[in-house]
$ cat data.cif   # mmCIF, C-alpha atoms, pLDDT in the B column; chains and numbers go by the auth columns
data_protein
loop_
_atom_site.group_PDB
_atom_site.id
_atom_site.type_symbol
_atom_site.label_atom_id
_atom_site.label_comp_id
_atom_site.label_asym_id
_atom_site.label_seq_id
_atom_site.Cartn_x
_atom_site.Cartn_y
_atom_site.Cartn_z
_atom_site.B_iso_or_equiv
_atom_site.auth_seq_id
_atom_site.auth_asym_id
ATOM 1 C CA MET A 1 -24.691 17.585 -5.782 71.00 1 A
ATOM 2 C CA ILE A 2 -21.771 18.556 -8.005 81.00 2 A
ATOM 3 C CA LEU A 3 -21.296 21.781 -6.040 86.00 3 A
ATOM 4 C CA GLY A 4 -21.384 19.799 -2.820 86.00 4 A
ATOM 5 C CA ALA A 5 -18.716 17.424 -4.088 87.00 5 A
ATOM 6 C CA ILE A 6 -16.498 20.308 -5.207 89.00 6 A
ATOM 7 C CA LEU A 7 -16.913 21.960 -1.826 92.00 7 A
ATOM 8 C CA TRP A 8 -15.989 18.733 -0.023 90.00 8 A
ATOM 9 C CA ARG A 9 -12.894 18.234 -2.134 91.00 9 A
ATOM 10 C CA SER A 10 -11.815 21.847 -1.637 93.00 10 A
ATOM 11 C CA VAL A 11 -12.120 21.472 2.123 93.00 11 A
ATOM 12 C CA LEU A 12 -10.129 18.210 2.096 92.00 12 A
ATOM 13 C CA LEU A 13 -7.390 19.648 -0.121 93.00 13 A
ATOM 14 C CA ALA A 14 -7.176 22.828 1.962 92.00 14 A
ATOM 15 C CA MET A 15 -6.799 20.638 5.049 92.00 15 A
ATOM 16 C CA LEU A 16 -4.033 18.764 3.273 91.00 16 A
ATOM 17 C CA TRP A 17 -2.218 22.025 2.634 92.00 17 A
ATOM 18 C CA CYS A 18 -2.724 23.022 6.242 91.00 18 A
ATOM 19 C CA ILE A 19 -1.002 19.770 7.292 91.00 19 A
ATOM 20 C CA LEU A 20 1.871 20.324 4.856 89.00 20 A
ATOM 21 C CA ALA A 21 2.424 23.907 6.018 90.00 21 A
ATOM 22 C CA GLU A 22 1.916 22.846 9.639 86.00 22 A
ATOM 23 C CA GLY A 23 -0.645 25.597 10.114 80.00 23 A
ATOM 24 C CA ASN A 24 1.677 28.389 8.978 83.00 24 A
ATOM 25 C CA VAL A 25 -0.685 31.252 8.030 81.00 25 A
ATOM 26 C CA GLY A 26 1.960 33.100 5.973 83.00 26 A
ATOM 27 C CA SER A 27 1.957 30.389 3.303 84.00 27 A
ATOM 28 C CA TRP A 28 -1.740 30.592 2.436 85.00 28 A
ATOM 29 C CA GLY A 29 -1.103 32.544 -0.785 89.00 29 A
ATOM 30 C CA VAL A 30 0.784 29.599 -2.248 91.00 30 A
ATOM 31 C CA GLY A 31 -1.654 27.301 -0.496 90.00 31 A
ATOM 32 C CA ALA A 32 -4.705 28.773 -2.207 92.00 32 A
ATOM 33 C CA ILE A 33 -3.114 28.380 -5.645 93.00 33 A
ATOM 34 C CA SER A 34 -1.980 24.811 -4.867 92.00 34 A
ATOM 35 C CA THR A 35 -5.417 23.897 -3.567 93.00 35 A
ATOM 36 C CA ALA A 36 -7.109 25.260 -6.692 94.00 36 A
ATOM 37 C CA LEU A 37 -4.700 23.368 -8.984 95.00 37 A
ATOM 38 C CA ALA A 38 -5.140 20.172 -6.962 94.00 38 A
ATOM 39 C CA LEU A 39 -8.916 20.567 -7.176 94.00 39 A
ATOM 40 C CA ALA A 40 -8.742 20.921 -10.963 94.00 40 A
ATOM 41 C CA ALA A 41 -6.517 17.836 -11.183 93.00 41 A
ATOM 42 C CA SER A 42 -8.820 15.842 -8.915 91.00 42 A
ATOM 43 C CA LEU A 43 -11.863 16.743 -11.028 91.00 43 A
ATOM 44 C CA ALA A 44 -10.033 15.697 -14.199 90.00 44 A
ATOM 45 C CA VAL A 45 -8.775 12.398 -12.775 87.00 45 A
ATOM 46 C CA LEU A 46 -11.832 11.420 -10.766 86.00 46 A
ATOM 47 C CA PRO A 47 -15.066 12.949 -12.131 85.00 47 A
ATOM 48 C CA VAL A 48 -17.789 13.784 -9.633 85.00 48 A
ATOM 49 C CA GLY A 49 -20.167 10.874 -9.124 81.00 49 A
ATOM 50 C CA ALA A 50 -17.745 8.145 -10.277 78.00 50 A
ATOM 51 C CA ILE A 51 -17.643 6.735 -6.768 82.00 51 A
ATOM 52 C CA ARG A 52 -19.738 6.983 -3.635 85.00 52 A
ATOM 53 C CA PHE A 53 -17.114 7.243 -0.942 86.00 53 A
ATOM 54 C CA SER A 54 -18.025 5.711 2.406 90.00 54 A
ATOM 55 C CA PRO A 55 -16.089 6.886 5.498 89.00 55 A
ATOM 56 C CA LEU A 56 -17.190 3.800 7.427 93.00 56 A
ATOM 57 C CA GLY A 57 -15.951 1.691 4.513 93.00 57 A
ATOM 58 C CA LEU A 58 -12.598 3.465 4.763 93.00 58 A
ATOM 59 C CA VAL A 59 -12.355 2.581 8.454 94.00 59 A
ATOM 60 C CA PHE A 60 -13.066 -1.094 7.703 94.00 60 A
ATOM 61 C CA PHE A 61 -10.586 -1.047 4.836 95.00 61 A
ATOM 62 C CA LEU A 62 -7.843 0.443 7.035 93.00 62 A
ATOM 63 C CA ILE A 63 -8.456 -2.119 9.778 94.00 63 A
ATOM 64 C CA TYR A 64 -8.252 -4.876 7.184 94.00 64 A
ATOM 65 C CA PHE A 65 -5.146 -3.421 5.515 92.00 65 A
ATOM 66 C CA ILE A 66 -3.181 -2.844 8.715 90.00 66 A
ATOM 67 C CA SER A 67 -3.969 -6.193 10.339 91.00 67 A
ATOM 68 C CA LYS A 68 -3.350 -8.079 7.095 89.00 68 A
ATOM 69 C CA SER A 69 -0.082 -6.184 6.480 88.00 69 A
ATOM 70 C CA PHE A 70 1.159 -7.098 9.895 87.00 70 A
ATOM 71 C CA ARG A 71 0.362 -10.803 9.670 86.00 71 A
ATOM 72 C CA ALA A 72 1.702 -11.163 6.139 84.00 72 A
ATOM 73 C CA GLY A 73 4.735 -9.017 6.986 86.00 73 A
ATOM 74 C CA VAL A 74 5.733 -11.196 9.907 89.00 74 A
ATOM 75 C CA ARG A 75 5.422 -14.278 7.700 87.00 75 A
ATOM 76 C CA VAL A 76 7.545 -12.857 4.897 87.00 76 A
ATOM 77 C CA ALA A 77 10.103 -11.536 7.405 88.00 77 A
ATOM 78 C CA LEU A 78 10.426 -15.035 8.892 89.00 78 A
ATOM 79 C CA LEU A 79 10.828 -16.517 5.402 89.00 79 A
ATOM 80 C CA ALA A 80 13.623 -14.024 4.722 88.00 80 A
ATOM 81 C CA VAL A 81 15.665 -14.711 7.849 89.00 81 A
ATOM 82 C CA GLN A 82 15.270 -18.445 8.460 89.00 82 A
ATOM 83 C CA PRO A 83 18.450 -20.393 7.732 89.00 83 A
ATOM 84 C CA ARG A 84 16.999 -22.613 4.984 88.00 84 A
ATOM 85 C CA LEU A 85 15.418 -20.589 2.178 85.00 85 A
ATOM 86 C CA ASP A 86 11.929 -22.107 2.206 85.00 86 A
ATOM 87 C CA ILE A 87 10.009 -20.134 -0.392 86.00 87 A
ATOM 88 C CA HIS A 88 7.679 -21.538 -3.020 88.00 88 A
ATOM 89 C CA PRO A 89 6.976 -18.711 -5.448 90.00 89 A
ATOM 90 C CA GLY A 90 4.679 -19.048 -8.416 89.00 90 A
ATOM 91 C CA ILE A 91 2.266 -17.244 -10.708 91.00 91 A
ATOM 92 C CA GLU A 92 -1.453 -17.251 -10.134 90.00 92 A
ATOM 93 C CA THR A 93 -4.220 -15.794 -12.294 92.00 93 A
ATOM 94 C CA VAL A 94 -7.255 -14.355 -10.537 91.00 94 A
ATOM 95 C CA SER A 95 -10.365 -12.894 -12.141 91.00 95 A
ATOM 96 C CA LEU A 96 -11.044 -9.192 -11.603 90.00 96 A
ATOM 97 C CA ARG A 97 -14.478 -8.152 -10.456 90.00 97 A
ATOM 98 C CA LEU A 98 -13.968 -4.451 -9.743 90.00 98 A
ATOM 99 C CA PRO A 99 -14.915 -2.080 -12.556 88.00 99 A
ATOM 100 C CA ASN A 100 -12.149 -0.263 -14.409 86.00 100 A
ATOM 101 C CA GLY A 101 -10.899 2.883 -12.704 86.00 101 A
ATOM 102 C CA VAL A 102 -9.885 4.024 -9.274 88.00 102 A
ATOM 103 C CA GLY A 103 -11.115 0.820 -7.605 90.00 103 A
ATOM 104 C CA ARG A 104 -8.698 -1.313 -9.595 91.00 104 A
ATOM 105 C CA VAL A 105 -5.821 1.080 -8.957 91.00 105 A
ATOM 106 C CA ILE A 106 -6.421 0.809 -5.212 92.00 106 A
ATOM 107 C CA LEU A 107 -6.695 -2.988 -5.455 94.00 107 A
ATOM 108 C CA ILE A 108 -3.377 -3.288 -7.315 92.00 108 A
ATOM 109 C CA ASN A 109 -1.595 -0.966 -4.898 91.00 109 A
ATOM 110 C CA THR A 110 -3.047 -2.881 -1.942 92.00 110 A
ATOM 111 C CA ILE A 111 -1.855 -6.200 -3.372 90.00 111 A
ATOM 112 C CA ASN A 112 1.627 -4.785 -3.975 88.00 112 A
ATOM 113 C CA LEU A 113 1.882 -3.400 -0.446 86.00 113 A
ATOM 114 C CA LEU A 114 0.743 -6.592 1.233 85.00 114 A
ATOM 115 C CA PRO A 115 3.874 -8.676 1.774 78.00 115 A
ATOM 116 C CA GLY A 116 3.864 -11.876 -0.260 83.00 116 A
ATOM 117 C CA THR A 117 1.828 -10.782 -3.274 88.00 117 A
ATOM 118 C CA LEU A 118 2.839 -8.797 -6.353 90.00 118 A
ATOM 119 C CA VAL A 119 0.929 -7.779 -9.480 92.00 119 A
ATOM 120 C CA LEU A 120 2.670 -8.762 -12.728 91.00 120 A
ATOM 121 C CA GLY A 121 0.046 -7.552 -15.145 88.00 121 A
ATOM 122 C CA LEU A 122 -3.623 -7.194 -15.807 87.00 122 A
ATOM 123 C CA ASN A 123 -6.059 -7.134 -18.683 85.00 123 A
ATOM 124 C CA ALA A 124 -9.775 -6.415 -18.916 83.00 124 A
ATOM 125 C CA SER A 125 -10.895 -9.268 -16.689 86.00 125 A
ATOM 126 C CA THR A 126 -7.929 -11.012 -15.075 91.00 126 A
ATOM 127 C CA LEU A 127 -5.042 -10.191 -12.814 92.00 127 A
ATOM 128 C CA GLN A 128 -1.718 -12.007 -12.917 92.00 128 A
ATOM 129 C CA LEU A 129 -0.052 -12.272 -9.545 92.00 129 A
ATOM 130 C CA HIS A 130 3.321 -13.402 -8.337 92.00 130 A
ATOM 131 C CA VAL A 131 2.935 -15.147 -5.002 91.00 131 A
ATOM 132 C CA LEU A 132 5.850 -15.742 -2.630 88.00 132 A
ATOM 133 C CA ASP A 133 4.352 -18.813 -1.014 86.00 133 A
ATOM 134 C CA MET A 134 2.088 -20.908 -3.228 85.00 134 A
ATOM 135 C CA ARG A 135 1.247 -23.232 -0.335 84.00 135 A
ATOM 136 C CA SER A 136 -1.440 -20.853 0.901 80.00 136 A
ATOM 137 C CA SER A 137 -4.481 -19.887 -1.187 79.00 137 A
ATOM 138 C CA ILE A 138 -4.352 -16.342 -2.489 85.00 138 A
ATOM 139 C CA GLU A 139 -7.658 -16.075 -4.336 88.00 139 A
ATOM 140 C CA GLY A 140 -9.652 -15.850 -1.097 88.00 140 A
ATOM 141 C CA GLU A 141 -7.426 -12.982 0.034 88.00 141 A
ATOM 142 C CA ILE A 142 -7.988 -11.059 -3.202 91.00 142 A
ATOM 143 C CA ARG A 143 -11.758 -11.538 -2.872 92.00 143 A
ATOM 144 C CA ILE A 144 -11.697 -10.049 0.632 92.00 144 A
ATOM 145 C CA ALA A 145 -9.607 -7.055 -0.498 93.00 145 A
ATOM 146 C CA GLU A 146 -11.957 -6.562 -3.454 92.00 146 A
ATOM 147 C CA LYS A 147 -15.020 -6.573 -1.237 93.00 147 A
ATOM 148 C CA ARG A 148 -13.512 -4.055 1.213 94.00 148 A
ATOM 149 C CA ILE A 149 -12.533 -1.682 -1.598 94.00 149 A
ATOM 150 C CA ALA A 150 -15.926 -1.967 -3.308 94.00 150 A
ATOM 151 C CA LYS A 151 -17.628 -1.125 -0.038 93.00 151 A
ATOM 152 C CA MET A 152 -15.363 1.862 0.602 93.00 152 A
ATOM 153 C CA LEU A 153 -15.960 3.347 -2.852 92.00 153 A
ATOM 154 C CA GLY A 154 -19.623 2.392 -3.210 90.00 154 A
ATOM 155 C CA LEU A 155 -18.860 0.257 -6.279 89.00 155 A
ATOM 156 C CA SER A 156 -20.635 -2.942 -7.195 86.00 156 A
ATOM 157 C CA LEU A 157 -18.694 -6.103 -7.976 84.00 157 A
ATOM 158 C CA ASP A 158 -19.159 -7.862 -11.269 74.00 158 A
ATOM 159 C CA GLN A 159 -20.716 -11.210 -10.288 62.00 159 A
ATOM 160 C CA SER A 160 -19.560 -13.159 -13.322 48.00 160 A
ATOM 161 C CA MET B 1 13.465 7.487 30.186 74.00 1 B
ATOM 162 C CA ASP B 2 9.735 8.219 30.559 88.00 2 B
ATOM 163 C CA VAL B 3 6.946 6.013 29.279 90.00 3 B
ATOM 164 C CA PRO B 4 6.258 7.702 25.882 90.00 4 B
ATOM 165 C CA GLU B 5 9.957 7.697 25.088 93.00 5 B
ATOM 166 C CA LEU B 6 10.261 4.031 25.999 95.00 6 B
ATOM 167 C CA LEU B 7 7.205 3.220 23.878 95.00 7 B
ATOM 168 C CA SER B 8 8.584 4.998 20.829 95.00 8 B
ATOM 169 C CA ASN B 9 11.934 3.265 21.231 96.00 9 B
ATOM 170 C CA ILE B 10 10.165 -0.104 21.257 96.00 10 B
ATOM 171 C CA LEU B 11 8.278 0.857 18.089 96.00 11 B
ATOM 172 C CA PHE B 12 11.540 2.018 16.429 96.00 12 B
ATOM 173 C CA LEU B 13 13.052 -1.329 17.314 96.00 13 B
ATOM 174 C CA ILE B 14 10.136 -3.249 15.759 95.00 14 B
ATOM 175 C CA GLY B 15 10.383 -1.032 12.654 94.00 15 B
ATOM 176 C CA SER B 16 14.098 -1.672 12.326 94.00 16 B
ATOM 177 C CA VAL B 17 13.547 -5.437 12.624 93.00 17 B
ATOM 178 C CA PHE B 18 11.310 -5.198 9.538 92.00 18 B
ATOM 179 C CA PHE B 19 13.890 -3.023 7.761 93.00 19 B
ATOM 180 C CA LEU B 20 16.564 -5.598 8.575 93.00 20 B
ATOM 181 C CA ALA B 21 14.438 -8.575 7.500 92.00 21 B
ATOM 182 C CA GLY B 22 13.489 -6.778 4.274 90.00 22 B
ATOM 183 C CA THR B 23 17.127 -6.064 3.486 92.00 23 B
ATOM 184 C CA ILE B 24 18.138 -9.653 4.232 92.00 24 B
ATOM 185 C CA GLY B 25 15.307 -10.791 1.963 90.00 25 B
ATOM 186 C CA LEU B 26 16.500 -8.431 -0.762 91.00 26 B
ATOM 187 C CA LEU B 27 19.962 -9.994 -0.577 92.00 27 B
ATOM 188 C CA ARG B 28 18.906 -13.632 -0.182 92.00 28 B
ATOM 189 C CA PHE B 29 15.843 -14.022 -2.375 90.00 29 B
ATOM 190 C CA PRO B 30 16.636 -15.525 -5.769 90.00 30 B
ATOM 191 C CA ASP B 31 15.013 -13.273 -8.420 90.00 31 B
ATOM 192 C CA VAL B 32 13.542 -9.849 -9.136 92.00 32 B
ATOM 193 C CA TYR B 33 9.994 -10.829 -8.149 91.00 33 B
ATOM 194 C CA THR B 34 10.800 -12.380 -4.784 91.00 34 B
ATOM 195 C CA ARG B 35 13.066 -9.429 -3.972 90.00 35 B
ATOM 196 C CA LEU B 36 10.209 -7.013 -4.631 89.00 36 B
ATOM 197 C CA HIS B 37 8.188 -8.992 -2.071 87.00 37 B
ATOM 198 C CA ALA B 38 10.860 -8.276 0.506 85.00 38 B
ATOM 199 C CA LEU B 39 10.821 -4.552 -0.276 83.00 39 B
ATOM 200 C CA ALA B 40 7.040 -4.151 0.044 77.00 40 B
ATOM 201 C CA LYS B 41 7.353 -5.038 3.691 72.00 41 B
ATOM 202 C CA VAL B 42 10.100 -2.494 4.359 77.00 42 B
ATOM 203 C CA ASP B 43 8.073 0.513 3.205 73.00 43 B
ATOM 204 C CA ASN B 44 4.837 -0.693 4.630 85.00 44 B
ATOM 205 C CA LEU B 45 5.764 -2.077 8.066 91.00 45 B
ATOM 206 C CA GLY B 46 9.304 -0.804 8.654 92.00 46 B
ATOM 207 C CA LEU B 47 8.405 2.805 7.915 93.00 47 B
ATOM 208 C CA GLY B 48 4.961 2.256 9.462 93.00 48 B
ATOM 209 C CA PHE B 49 6.374 1.379 12.869 95.00 49 B
ATOM 210 C CA THR B 50 8.975 4.141 12.644 95.00 50 B
ATOM 211 C CA VAL B 51 6.229 6.702 11.966 95.00 51 B
ATOM 212 C CA LEU B 52 4.151 5.241 14.800 95.00 52 B
ATOM 213 C CA GLY B 53 7.088 5.698 17.145 96.00 53 B
ATOM 214 C CA LEU B 54 7.550 9.303 16.021 96.00 54 B
ATOM 215 C CA LEU B 55 3.801 9.993 16.383 95.00 55 B
ATOM 216 C CA ILE B 56 4.006 9.400 20.132 93.00 56 B
ATOM 217 C CA GLN B 57 6.530 12.220 20.424 91.00 57 B
ATOM 218 C CA ALA B 58 4.995 14.557 17.823 91.00 58 B
ATOM 219 C CA PRO B 59 4.817 18.169 19.083 90.00 59 B
ATOM 220 C CA GLY B 60 1.211 18.684 17.944 89.00 60 B
ATOM 221 C CA VAL B 61 -1.702 17.459 15.845 91.00 61 B
ATOM 222 C CA LEU B 62 -0.541 18.978 12.531 91.00 62 B
ATOM 223 C CA PRO B 63 3.010 17.557 12.628 92.00 63 B
ATOM 224 C CA ALA B 64 1.484 14.195 13.595 94.00 64 B
ATOM 225 C CA LEU B 65 -0.856 14.280 10.583 94.00 65 B
ATOM 226 C CA LYS B 66 2.098 15.260 8.420 94.00 66 B
ATOM 227 C CA LEU B 67 3.989 12.155 9.556 94.00 67 B
ATOM 228 C CA ILE B 68 1.023 9.977 8.577 93.00 68 B
ATOM 229 C CA LEU B 69 0.872 11.781 5.220 93.00 69 B
ATOM 230 C CA ILE B 70 4.569 11.034 4.635 93.00 70 B
ATOM 231 C CA TRP B 71 3.923 7.360 5.326 92.00 71 B
ATOM 232 C CA LEU B 72 0.950 7.288 2.920 91.00 72 B
ATOM 233 C CA LEU B 73 2.929 9.016 0.154 92.00 73 B
ATOM 234 C CA ALA B 74 5.858 6.606 0.641 91.00 74 B
ATOM 235 C CA LEU B 75 3.395 3.703 0.390 90.00 75 B
ATOM 236 C CA LEU B 76 1.921 5.082 -2.807 89.00 76 B
ATOM 237 C CA ALA B 77 5.368 5.551 -4.366 90.00 77 B
ATOM 238 C CA SER B 78 6.461 2.088 -3.256 89.00 78 B
ATOM 239 C CA ALA B 79 3.361 0.343 -4.605 88.00 79 B
ATOM 240 C CA THR B 80 3.634 2.143 -7.945 89.00 80 B
ATOM 241 C CA ALA B 81 7.360 1.428 -8.319 90.00 81 B
ATOM 242 C CA ASN B 82 6.788 -2.219 -7.409 89.00 82 B
ATOM 243 C CA PHE B 83 4.092 -2.531 -10.024 90.00 83 B
ATOM 244 C CA LEU B 84 6.163 -0.873 -12.765 92.00 84 B
ATOM 245 C CA ILE B 85 9.272 -2.973 -12.071 93.00 85 B
ATOM 246 C CA ALA B 86 7.316 -6.236 -11.853 92.00 86 B
ATOM 247 C CA GLN B 87 5.271 -5.519 -14.983 91.00 87 B
ATOM 248 C CA ARG B 88 8.349 -4.526 -16.992 92.00 88 B
ATOM 249 C CA ALA B 89 10.279 -7.613 -15.884 93.00 89 B
ATOM 250 C CA PHE B 90 7.347 -9.874 -16.716 92.00 90 B
ATOM 251 C CA ASN B 91 6.736 -8.288 -20.113 91.00 91 B
ATOM 252 C CA ARG B 92 10.398 -8.698 -20.990 92.00 92 B
ATOM 253 C CA GLY B 93 10.017 -12.412 -20.330 87.00 93 B
ATOM 254 C CA ILE B 94 12.018 -12.773 -17.138 88.00 94 B
ATOM 255 C CA VAL B 95 10.840 -16.148 -15.847 87.00 95 B
ATOM 256 C CA PRO B 96 10.168 -16.320 -12.090 87.00 96 B
ATOM 257 C CA TRP B 97 12.467 -18.500 -10.047 86.00 97 B
ATOM 258 C CA ASP B 98 10.974 -21.874 -9.227 82.00 98 B
ATOM 259 C CA ALA B 99 11.760 -23.922 -6.100 72.00 99 B
ATOM 260 C CA SER B 100 11.611 -27.272 -7.920 70.00 100 B
ATOM 261 C CA GLU B 101 14.104 -26.139 -10.579 64.00 101 B
ATOM 262 C CA SER B 102 16.741 -25.100 -8.090 57.00 102 B
ATOM 263 C CA GLU B 103 16.791 -28.558 -6.531 52.00 103 B
ATOM 264 C CA LYS B 104 17.844 -30.260 -9.764 43.00 104 B
#
$ encode --input "data.cif" --output "structure tokens"
Amino acid sequence: MILGAILWRSVLLAMLWCILAEGNVGSWGVGAISTALALAASLAVLPVGAIRFSPLGLVFFLIYFISKSFRAGVRVALLAVQPRLDIHPGIETVSLRLPNGVGRVILINTINLLPGTLVLGLNASTLQLHVLDMRSSIEGEIRIAEKRIAKMLGLSLDQS
Amino acid sequence: MDVPELLSNILFLIGSVFFLAGTIGLLRFPDVYTRLHALAKVDNLGLGFTVLGLLIQAPGVLPALKLILIWLLALLASATANFLIAQRAFNRGIVPWDASESEK
């Protein structure tokens, strides 16, 4: 299983290099070294077996992320350009249910990229958010993002 | 102008609308936190639509994938920078702007 995972990662990283070099065969010497270094880094940062990655989960996550980005983006863009500045920012605290690690990193990055929400800080079990428009509920949104990420990475959510 | 070219120009236009709105937000919004909100949209949707427009005219599969990779890396950098700036500001005790206060 570990060998399989290493093989998978090597193939993915080699493909990444292929994209960067745009298929240029002459650069494979550097490419092989870069791929090996990237593999070592990936094993150090994300040990084999920490997550069970689901490609179908990734597809669902991307659909969610892109459609949500677009809707939220249009809303924030309208807030920015309308003549009267009609924003109601505030801080909201939401409990965290994803386990520590890569899942949380993806959640925080997702929240920061979605227009209208921003992570101010986090501790072991809660997340402090800055919300551009407090008139709409944000907790439900975070729960959806959490569920999508958990599904993609094969993680279980803490039910507490 | 043929159809793909027209399509990419439309996508560029949509992307630039988001760039413009994000920049206006950056100038108009009252504090560091709300301004970061405006910027998240620029990298995500502004660059997103620009890349989409370029994808239509990409000369092959590998350059197209490279464009998507550029977008993903820009997103990662943007999200990380956003988080670091917001966390630092908050830890230093910069109080978020409040709509009710400004009306006093």
$ atom_distance --input "data.cif" --atom1 "CA of Thr35 (chain A)" --atom2 "CA of Val48 (chain A)"
17.1 Å
$ atom_distance --input "data.cif" --atom1 "CA of Phe70 (chain A)" --atom2 "CA of Leu45 (chain B)"
7.1 Å
$ atom_distance --input "data.cif" --atom1 "CA of Leu69 (chain B)" --atom2 "CA of Val105 (chain A)"
19.0 Å
$ residues_around --input "data.cif" --residues "Ile111 (chain A)" --least-positions-apart "6" --cutoff "9 Å" --atoms "all atoms listed in the file" --output "ChimeraX atom specification"
/A:117-119,129,142,145 /B:79
$ interface_residues --input "data.cif" --of "chain B" --to "chain A" --cutoff "9 Å" --atoms "all atoms listed in the file" --output "PyMOL selection string"
chain B and resi 17-18+20-26+28-29+33-34+36-45+61-66+69+75-76+78-80+82-91+96-100
$ axis_aligned_box --input "data.cif" --around "region 1-17 of chain A" --padding-each-side "6 Å" --output "lines of an AutoDock Vina configuration file"
center_x = -13.5
center_y = 20.1
center_z = -1.5
size_x = 34.5
size_y = 17.4
size_z = 25.1
$ resolve_selection --input "data.cif" --expression "the PyMOL selection byres ((chain B and resi 49) around 8)" --output "PyMOL selection string"
chain B and resi 11-12+14-15+45-48+50-53
$ resolve_selection --input "data.cif" --expression "the PyMOL selection byres ((chain A and resi 58) around 9)" --output "PyMOL selection string"
chain A and resi 53-57+59-63+148-149+151-153
$ residues_around --input "data.cif" --residues "Leu3 (chain A)" --least-positions-apart "4" --cutoff "12 Å" --atoms "only C-alpha atoms" --output "list of chain:residue names"
A:Leu7, A:Trp8, A:Arg9, A:Ser10, A:Leu43, A:Val48, A:Gly49
$ closest_residue --input "data.cif" --among "A:Val25, A:Ala38, A:Ile51, A:Leu155" --to "Pro99 (chain A)" --atoms "all atoms listed in the file"
A:Leu155
$ residues_around --input "data.cif" --residues "Ile6 (chain A)" --least-positions-apart "5" --cutoff "10 Å" --atoms "all atoms listed in the file" --output "mmCIF file with C-alpha atoms, keeping the file's coordinate frame"
data_model
loop_
_atom_site.group_PDB
_atom_site.id
_atom_site.type_symbol
_atom_site.label_atom_id
_atom_site.label_comp_id
_atom_site.auth_asym_id
_atom_site.auth_seq_id
_atom_site.Cartn_x
_atom_site.Cartn_y
_atom_site.Cartn_z
ATOM 1 C CA MET A 1 -24.691 17.585 -5.782
ATOM 2 C CA VAL A 11 -12.120 21.472 2.123
ATOM 3 C CA LEU A 12 -10.129 18.210 2.096
ATOM 4 C CA LEU A 39 -8.916 20.567 -7.176
ATOM 5 C CA ALA A 40 -8.742 20.921 -10.963
ATOM 6 C CA SER A 42 -8.820 15.842 -8.915
ATOM 7 C CA LEU A 43 -11.863 16.743 -11.028
ATOM 8 C CA VAL A 48 -17.789 13.784 -9.633
#
$ closest_residue --input "data.cif" --among "A:Val94, A:Lys147, A:Gly29, A:Pro83" --to "Leu127 (chain A)" --atoms "all atoms listed in the file"
A:Val94
$ resolve_selection --input "data.cif" --expression "the PyMOL selection byres ((chain A and resi 139) around 9)" --output "NGL selection string"
:A and (92-95 or 137-138 or 140-144)
